[in-house]
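Everything below belongs to my_file-v8.txt, which stores compact mmCIF, C-alpha atoms.
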# COMPACT_ATOMS: atom_id res chain seq x y z
CA MET A 1 29.00 -1.96 -3.65
CA GLU A 2 27.26 0.00 -6.37
CA LEU A 3 23.68 -1.06 -7.12
CA ASP A 4 21.53 -0.68 -10.21
CA ILE A 5 18.16 0.48 -8.92
CA VAL A 6 15.65 -0.17 -11.65
CA GLN A 7 12.24 1.31 -12.36
CA TYR A 8 9.88 -1.03 -14.19
CA GLU A 9 6.75 -0.23 -16.16
CA ILE A 10 4.19 -2.28 -18.06
CA ASP A 11 5.36 -3.18 -21.56
CA ARG A 12 4.27 -0.37 -23.93
CA GLU A 13 2.37 -2.57 -26.38
CA ILE A 14 0.37 -4.21 -23.61
CA LYS A 15 -0.28 -0.86 -21.95
CA GLU A 16 -1.66 0.52 -25.22
CA GLY A 17 -3.96 -2.51 -25.50
CA ILE A 18 -5.21 -1.95 -21.95
CA ASP A 19 -5.76 1.77 -22.59
CA ARG A 20 -7.78 0.96 -25.71
CA ILE A 21 -10.05 -1.48 -23.83
CA ILE A 22 -10.63 1.00 -21.00
CA SER A 23 -11.34 3.82 -23.42
CA ASN A 24 -13.90 1.66 -25.30
CA LEU A 25 -15.60 0.74 -22.06
CA PHE A 26 -15.70 4.39 -21.03
CA ASN A 27 -17.40 5.42 -24.27
CA LYS A 28 -19.82 2.50 -24.55
CA SER A 29 -21.06 2.67 -20.97
CA SER A 30 -21.36 6.48 -20.90
CA ALA A 31 -19.36 6.35 -17.69
CA GLU A 32 -18.17 9.32 -15.68
CA LEU A 33 -15.07 7.42 -14.74
CA VAL A 34 -13.42 4.07 -15.46
CA LEU A 35 -10.47 2.97 -13.37
CA LEU A 36 -8.30 -0.14 -13.60
CA THR A 37 -6.22 -0.82 -10.51
CA ASP A 38 -4.29 -3.74 -9.09
CA ASP A 39 -5.34 -5.34 -5.82
CA ALA A 40 -2.76 -3.22 -3.97
CA GLY A 41 -4.44 -0.02 -5.15
CA ARG A 42 -1.94 1.02 -7.84
CA ILE A 43 -3.62 2.63 -10.84
CA VAL A 44 -2.98 0.89 -14.15
CA CYS A 45 -5.32 3.01 -16.26
CA LEU A 46 -7.81 5.81 -15.72
CA CYS A 47 -10.39 7.31 -18.08
CA GLY A 48 -12.62 10.29 -17.34
CA ASP A 49 -12.23 13.71 -15.79
CA LYS A 50 -14.54 13.31 -12.82
CA LEU A 51 -11.66 13.66 -10.37
CA SER A 52 -10.01 17.00 -9.80
CA ASN A 53 -6.45 15.72 -9.48
CA ASP A 54 -4.14 12.70 -9.71
CA TYR A 55 -3.99 11.99 -6.02
CA ALA A 56 -7.80 11.83 -5.76
CA ALA A 57 -7.61 8.99 -8.29
CA GLU A 58 -4.89 7.32 -6.22
CA PHE A 59 -7.03 7.62 -3.09
CA LEU A 60 -9.98 6.15 -4.97
CA ALA A 61 -7.86 3.26 -6.25
CA SER A 62 -6.71 2.47 -2.69
CA ILE A 63 -10.24 2.54 -1.39
CA ILE A 64 -11.57 0.42 -4.27
CA SER A 65 -8.89 -2.20 -3.64
CA GLY A 66 -9.62 -2.01 0.09
CA VAL A 67 -13.39 -2.38 -0.10
CA PHE A 68 -13.20 -5.14 -2.70
CA GLY A 69 -10.58 -6.95 -0.63
CA ALA A 70 -12.80 -6.58 2.43
CA ALA A 71 -15.76 -7.97 0.46
CA LEU A 72 -13.61 -10.94 -0.59
CA GLU A 73 -12.73 -11.62 3.05
CA MET A 74 -16.42 -11.42 3.91
CA GLY A 75 -17.09 -13.81 1.04
CA LYS A 76 -14.61 -16.31 2.49
CA ILE A 77 -16.35 -16.21 5.88
CA LEU A 78 -19.73 -16.74 4.19
CA SER A 79 -18.35 -19.37 1.75
CA MET A 80 -19.03 -17.08 -1.25
CA GLU A 81 -15.90 -18.06 -3.13
CA ASP A 82 -17.13 -16.67 -6.44
CA LEU A 83 -17.48 -13.00 -5.48
CA ASP A 84 -16.93 -11.20 -8.74
CA ILE A 85 -18.83 -7.90 -8.78
CA LEU A 86 -19.43 -5.31 -6.10
CA GLN A 87 -22.00 -2.57 -6.58
CA TYR A 88 -22.68 0.70 -4.75
CA GLU A 89 -25.80 2.71 -5.42
CA SER A 90 -26.35 6.29 -4.32
CA LYS A 91 -28.84 9.02 -5.07
CA ASN A 92 -26.87 10.48 -7.97
CA MET A 93 -24.23 7.93 -8.87
CA ASP A 94 -23.68 4.18 -9.06
CA VAL A 95 -20.37 2.36 -8.85
CA VAL A 96 -19.70 -1.15 -10.14
CA ILE A 97 -16.41 -2.89 -9.37
CA LYS A 98 -15.41 -6.09 -11.16
CA PHE A 99 -12.59 -8.49 -10.38
CA ILE A 100 -10.22 -9.12 -13.30
CA PRO A 101 -8.07 -12.21 -12.81
CA PRO A 102 -5.40 -12.63 -11.64
CA ARG A 103 -5.20 -9.53 -9.41
CA PHE A 104 -6.87 -6.50 -10.93
CA LEU A 105 -10.05 -4.52 -10.33
CA LEU A 106 -12.09 -2.53 -12.79
CA GLY A 107 -14.29 0.21 -11.38
CA VAL A 108 -16.96 2.09 -13.34
CA LEU A 109 -18.77 5.17 -12.09
CA VAL A 110 -22.02 6.04 -13.87
CA ARG A 111 -24.75 8.64 -13.44
CA LYS A 112 -28.00 7.52 -11.88
CA GLY A 113 -30.40 6.35 -14.56
CA THR A 114 -27.77 4.48 -16.57
CA SER A 115 -28.82 0.85 -16.98
CA LEU A 116 -26.64 -1.14 -14.59
CA GLY A 117 -27.46 -4.34 -16.48
CA THR A 118 -25.89 -2.85 -19.59
CA VAL A 119 -22.91 -1.57 -17.62
CA ARG A 120 -22.34 -5.05 -16.19
CA LEU A 121 -22.56 -6.52 -19.70
CA PHE A 122 -19.92 -4.10 -21.03
CA LEU A 123 -17.84 -4.75 -17.94
CA ARG A 124 -17.92 -8.47 -18.60
CA GLU A 125 -16.82 -7.96 -22.21
CA ALA A 126 -14.00 -5.63 -21.15
CA SER A 127 -13.01 -8.06 -18.44
CA GLU A 128 -12.57 -10.89 -20.95
CA GLU A 129 -10.46 -8.70 -23.21
CA LEU A 130 -8.39 -7.46 -20.28
CA SER A 131 -7.82 -10.96 -18.97
CA SER A 132 -6.21 -11.97 -22.24
CA GLN A 133 -4.00 -8.85 -22.13
CA MET A 134 -3.06 -9.61 -18.54
CA GLU A 135 -1.98 -13.13 -19.50
CA ASN A 136 0.89 -11.54 -21.44
CA LEU A 137 1.55 -8.84 -18.86
CA LYS A 138 5.23 -8.09 -18.47
CA PHE A 139 7.20 -5.31 -16.88
CA VAL A 140 10.19 -3.79 -18.61
CA PRO A 141 12.96 -1.62 -17.14
CA VAL A 142 12.55 2.03 -18.10
CA LYS A 143 15.07 3.80 -15.90
CA THR A 144 18.12 2.84 -13.86
CA ILE A 145 20.17 4.72 -11.32
CA LYS A 146 23.56 3.55 -10.15
CA MET A 147 24.23 4.15 -6.50
CA ASP A 148 25.83 2.48 -3.51
CA VAL A 149 23.85 2.05 -0.30
CA LYS A 150 25.77 4.74 1.56
CA THR A 151 25.11 7.33 -1.16
CA LEU A 152 21.45 6.35 -1.24
CA GLU A 153 21.26 6.87 2.53
CA GLU A 154 22.95 10.26 2.23
CA LYS A 155 20.59 11.37 -0.54
CA LEU A 156 17.52 10.28 1.43
CA ASN A 157 18.90 11.98 4.51
CA LYS A 158 19.43 15.22 2.63
CA LEU A 159 15.99 15.03 1.04
CA LEU A 160 14.07 14.16 4.18
CA GLY A 161 16.31 15.86 6.69
CA SER A 162 16.08 13.11 9.26
CA MET B 1 7.59 4.15 -9.30
CA LYS B 2 4.59 3.45 -7.07
CA LEU B 3 5.46 1.88 -3.73
CA LYS B 4 3.28 0.67 -0.88
CA LEU B 5 4.63 0.93 2.65
CA VAL B 6 2.60 -0.55 5.50
CA TYR B 7 3.04 0.05 9.24
CA PHE B 8 2.02 -3.00 11.24
CA GLY B 9 2.19 -3.93 14.91
CA SER B 10 0.08 -4.71 17.93
CA SER B 11 -2.89 -2.61 18.96
CA LEU B 12 -1.92 0.72 20.53
CA ALA B 13 1.75 0.24 19.58
CA GLY B 14 1.73 3.65 17.87
CA LYS B 15 1.18 2.85 14.19
CA SER B 16 -1.37 5.60 13.66
CA THR B 17 0.71 8.04 15.69
CA ASN B 18 3.67 7.29 13.44
CA VAL B 19 1.74 7.78 10.22
CA LYS B 20 -0.06 10.93 11.41
CA THR B 21 3.20 12.45 12.67
CA LEU B 22 5.01 11.48 9.47
CA TYR B 23 2.24 13.11 7.44
CA LYS B 24 2.66 16.37 9.37
CA ILE B 25 6.45 16.37 8.97
CA LEU B 26 6.37 15.56 5.26
CA LYS B 27 3.60 18.07 4.59
CA GLU B 28 5.77 20.83 6.04
CA LYS B 29 8.47 19.76 3.59
CA ASN B 30 6.01 19.73 0.66
CA LEU B 31 6.52 16.01 0.18
CA VAL B 32 2.88 14.90 0.35
CA LYS B 33 0.07 14.88 -2.19
CA GLY B 34 -3.39 15.73 -0.93
CA ASP B 35 -4.81 15.04 2.50
CA MET B 36 -4.62 12.08 4.79
CA VAL B 37 -7.47 9.58 4.64
CA VAL B 38 -8.51 8.30 8.07
CA MET B 39 -11.12 5.65 8.74
CA GLU B 40 -11.40 5.31 12.48
CA THR B 41 -13.97 4.65 15.18
CA GLU B 42 -15.38 7.28 17.52
CA GLU B 43 -12.69 6.25 20.01
CA GLN B 44 -9.99 7.16 17.45
CA ARG B 45 -9.09 3.51 16.93
CA THR B 46 -8.22 2.56 13.36
CA LEU B 47 -11.20 0.81 11.79
CA PHE B 48 -9.92 0.04 8.34
CA MET B 49 -7.04 2.03 6.98
CA GLU B 50 -5.26 5.33 7.27
CA PHE B 51 -3.11 6.48 4.45
CA PHE B 52 -1.53 9.31 2.56
CA ILE B 53 0.66 9.70 -0.49
CA SER B 54 4.20 11.00 -0.38
CA SER B 55 6.06 11.98 -3.50
CA ILE B 56 9.84 12.22 -3.53
CA ASN B 57 12.46 12.46 -6.23
CA ILE B 58 15.86 10.80 -6.00
CA GLU B 59 18.19 11.47 -8.91
CA GLY B 60 15.26 11.83 -11.34
CA PHE B 61 13.54 8.78 -9.90
CA GLU B 62 9.96 9.76 -9.05
CA LEU B 63 8.89 7.72 -6.06
CA GLU B 64 5.24 7.81 -5.13
CA LEU B 65 4.72 6.14 -1.79
CA LYS B 66 1.41 5.14 -0.33
CA ILE B 67 1.85 4.95 3.40
CA LEU B 68 -0.76 2.89 5.23
CA THR B 69 -1.43 1.44 8.65
CA THR B 70 -3.16 -1.79 9.51
CA PRO B 71 -5.81 -1.84 12.23
CA GLY B 72 -4.27 -3.27 15.38
CA GLN B 73 -7.32 -4.82 16.98
CA PHE B 74 -7.47 -8.61 16.66
CA ARG B 75 -11.12 -8.60 15.55
CA LEU B 76 -10.07 -6.65 12.45
CA HIS B 77 -7.56 -9.27 11.32
CA PRO B 78 -9.34 -9.90 7.96
CA LEU B 79 -8.89 -6.22 7.11
CA ARG B 80 -5.18 -6.36 7.93
CA LYS B 81 -4.83 -9.02 5.25
CA VAL B 82 -6.52 -6.74 2.74
CA ILE B 83 -4.17 -3.86 3.46
CA MET B 84 -1.07 -6.05 3.17
CA LYS B 85 -1.87 -7.00 -0.44
CA GLY B 86 0.90 -6.01 -2.81
CA VAL B 87 2.97 -4.39 -0.07
CA ASP B 88 6.55 -3.38 -1.00
CA GLY B 89 7.89 -2.74 2.46
CA LEU B 90 6.94 -2.96 6.10
CA VAL B 91 7.56 -1.06 9.31
CA PHE B 92 7.10 -3.24 12.38
CA VAL B 93 6.08 -0.89 15.21
CA VAL B 94 6.95 -2.61 18.47
CA ASP B 95 5.60 -1.38 21.80
CA SER B 96 8.62 -1.28 24.14
CA SER B 97 6.54 -1.97 27.23
CA LYS B 98 7.42 -5.25 28.93
CA GLU B 99 3.69 -5.84 29.35
CA ARG B 100 3.22 -5.96 25.54
CA GLU B 101 6.02 -8.46 24.89
CA LYS B 102 3.77 -11.40 24.09
CA ILE B 103 1.33 -9.49 21.89
CA ASN B 104 4.23 -8.00 19.87
CA PHE B 105 5.47 -11.50 19.18
CA LEU B 106 2.01 -12.78 18.21
CA VAL B 107 1.55 -9.95 15.70
CA MET B 108 4.94 -10.69 14.16
CA ARG B 109 3.96 -14.36 13.77
CA GLU B 110 0.58 -13.46 12.32
CA THR B 111 2.15 -11.05 9.81
CA ALA B 112 4.60 -13.73 8.73
CA ALA B 113 1.60 -16.00 8.05
CA VAL B 114 -0.18 -13.31 6.00
CA LEU B 115 2.94 -12.71 3.91
CA LYS B 116 3.38 -16.43 3.39
CA GLU B 117 -0.19 -16.58 2.08
CA MET B 118 0.83 -13.87 -0.40
CA GLY B 119 3.87 -15.90 -1.47
CA GLU B 120 6.37 -13.73 0.42
CA ASP B 121 8.76 -14.52 3.22
CA LEU B 122 8.93 -12.12 6.17
CA MET B 123 12.54 -13.12 6.82
CA ARG B 124 13.57 -11.87 3.37
CA PHE B 125 11.16 -8.96 3.06
CA PRO B 126 12.15 -5.27 3.35
CA VAL B 127 11.31 -4.50 6.98
CA VAL B 128 12.34 -1.83 9.46
CA VAL B 129 11.73 -2.44 13.15
CA GLN B 130 10.79 0.55 15.23
CA TYR B 131 11.03 0.23 19.02
CA ASN B 132 8.44 2.77 20.01
CA LYS B 133 7.57 4.26 23.41
CA ARG B 134 11.19 4.30 24.58
CA ASP B 135 10.12 6.82 27.24
CA LEU B 136 8.08 4.25 29.17
CA PRO B 137 9.39 3.35 32.64
CA ASP B 138 9.05 -0.39 31.91
CA ALA B 139 10.61 -0.20 28.43
CA MET B 140 12.55 -3.39 27.64
CA ASP B 141 16.27 -3.23 26.78
CA ILE B 142 16.93 -2.78 23.08
CA GLU B 143 19.31 -5.78 23.09
CA ASP B 144 16.59 -7.94 24.56
CA MET B 145 14.04 -6.70 22.03
CA GLN B 146 16.43 -7.25 19.16
CA VAL B 147 16.60 -10.95 20.01
CA ARG B 148 12.83 -11.27 20.20
CA PHE B 149 11.51 -8.95 17.51
CA ASN B 150 14.24 -8.58 14.92
CA PRO B 151 15.09 -12.14 13.89
CA TRP B 152 16.10 -10.94 10.42
CA ALA B 153 18.62 -8.45 11.91
CA THR B 154 17.32 -5.62 9.78
CA ASP B 155 17.54 -1.87 10.51
CA TYR B 156 15.94 -0.77 13.75
CA VAL B 157 15.07 2.63 15.17
CA PRO B 158 14.36 3.56 18.81
CA ALA B 159 11.45 6.03 18.87
CA VAL B 160 8.98 8.10 20.82
CA ALA B 161 6.54 8.60 17.96
CA VAL B 162 4.19 10.80 19.93
CA GLU B 163 7.03 13.34 20.19
CA GLY B 164 8.16 12.75 16.60
CA VAL B 165 11.39 11.06 17.72
CA GLY B 166 12.54 8.40 15.24
CA VAL B 167 9.56 8.82 12.92
CA LEU B 168 11.37 10.29 9.93
CA GLU B 169 14.41 8.07 10.43
CA THR B 170 12.16 5.00 10.29
CA PHE B 171 10.59 6.20 7.06
CA GLU B 172 13.98 6.90 5.50
CA LYS B 173 15.25 3.42 6.33
CA ALA B 174 12.06 1.87 4.99
CA ILE B 175 12.52 3.56 1.59
CA LYS B 176 16.17 2.55 1.48
CA ASN B 177 15.33 -1.08 2.27
CA ILE B 178 12.63 -1.25 -0.38
CA LEU B 179 14.91 0.16 -3.06
CA VAL B 180 17.89 -1.98 -2.12
CA ARG B 181 16.08 -5.24 -1.42
CA LYS B 182 13.33 -5.13 -4.04
CA TYR B 183 14.37 -2.86 -6.86
CA ALA B 184 18.14 -3.23 -7.11
CA ARG B 185 19.15 -5.44 -10.00
CA SER B 186 21.51 -7.28 -7.69
CA ALA B 187 18.74 -7.42 -5.07
CA LEU B 188 19.12 -9.76 -2.15
CA ILE B 189 15.68 -11.22 -2.84
Starting from the coordinates I provided, produce the structure as structure tokens.
Amino acid sequence: MELDIVQYEIDREIKEGIDRIISNLFNKSSAELVLLTDDAGRIVCLCGDKLSNDYAAEFLASIISGVFGAALEMGKILSMEDLDILQYESKNMDVVIKFIPPRFLLGVLVRKGTSLGTVRLFLREASEELSSQMENLKFVPVKTIKMDVKTLEEKLNKLLGS
Amino acid sequence: MKLKLVYFGSSLAGKSTNVKTLYKILKEKNLVKGDMVVMETEEQRTLFMEFFISSINIEGFELELKILTTPGQFRLHPLRKVIMKGVDGLVFVVDSSKEREKINFLVMRETAAVLKEMGEDLMRFPVVVQYNKRDLPDAMDIEDMQVRFNPWATDYVPAVAVEGVGVLETFEKAIKNILVRKYARSALI
């Protein structure tokens, strides 16, 4: 049986709205990097050229989702059900990660000396704007390939050489 | 298309061995992006996660797969839940040793509970079962293991991950199952 295998992406209008919010946050907070990811570590939007390549951003997104998820689990054990912001401070850089309902995380990387209170304020504003965008979040099909299971197996076999 | 594939199973079943071996094989074929991230203890036990990114192209379809393992130790159960978030497909690495029969089953039950918490159903989820350590003298019969550890009758692969046997085949079946069961318009789920 031939299958339609479909690739979905976030609706263009909503994606543009998200990009605009992230770009504003990046400029207002003088951040080195702003990254919006889902709780599985998939990048939704990235602003800033701090990272040398795409996969470094993907690694960062995975780790952000992992550490925030771990903090949430810790919060459950300690009955801190309202864990909302996670902050890392280092000698040169600070990182603030905020939860965006229903399942997104917004990470901001700033140089040492930037007021974290101000960053948190801008984060809160961006979070409210993003939440309303996320309410309308929808995925639309952007590409389809037609293939039966046997052909798919053959193609994978040829590609991977298993 | 960004996909998340997680290897789960009991402690010392060979999850890390699978992922590290797979990384080496795919790197030789230029199908990985960047290095492998490993967070492990001094005893080389997985502490949090190990992962790498593989990028493959099927008929113009760019697939970017994040391949992760869960920590096997029971005390790290909360972290396993974190890693399972948003997972697209699973590889259940089963230790073939008769001695590990009970623990394999417990992990399967626990994973079903984690997926249920996420609103998914293990019985209908894209899973590949890998019967690892087939070279052990006390390895259980495949037929016997199928009854116990493959209740959803999905694809299975006998393997000796430490020697690379069955590693790539498992990965290939995992991709196929994700695409067919989750992304086909006439998907089963």
| request: Provide as a count of residues only the residues of chain A at most 10 Å from chain B, counting all atoms listed in the file. | output: 52
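From CA of Arg109 (chain B) back to CA of Asn132 (chain B), the distance works out to 18.8 Å.
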| message | I'd like the interatomic distance between CA of Gln73 (chain B) and CA of Tyr88 (chain A), to a tenth of an Å. | response | 27.2 Å
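Using only C-alpha atoms for every distance, the candidate list A:Ile64, A:Leu116, A:Val108, A:Ile21 yields A:Ile21 as the residue closest to Glu128 (chain A).
Counting only C-alpha atoms, the residue from A:Leu83, A:Ile18, A:Leu46, A:Met93 that sits nearest to Ser132 (chain A) is A:Ile18.
A straight line drawn from CA of Lys15 (chain A) to CA of Leu109 (chain A) is 21.8 Å long.
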| Contacts of Arg148 (chain B) at 9 Å (all atoms listed in the file; same-chain gap of 4+ positions) as number ranges by chain | B: 101, 105, 143-144
Provide an axis-aligned box for all listed atoms of region 9-15 of chain A, padding each side by 8 Å; report its centre and its edge lengths in Å to one decimal, as lines of an AutoDock Vina configuration file.
center_x = 3.2
center_y = -2.2
center_z = -21.3
size_x = 23.0
size_y = 20.0
size_z = 26.2
| remark: For Ser11 (chain B), the closest of B:Glu43, B:Pro126, B:Thr70, B:Lys24 counting all atoms listed in the file is B:Thr70
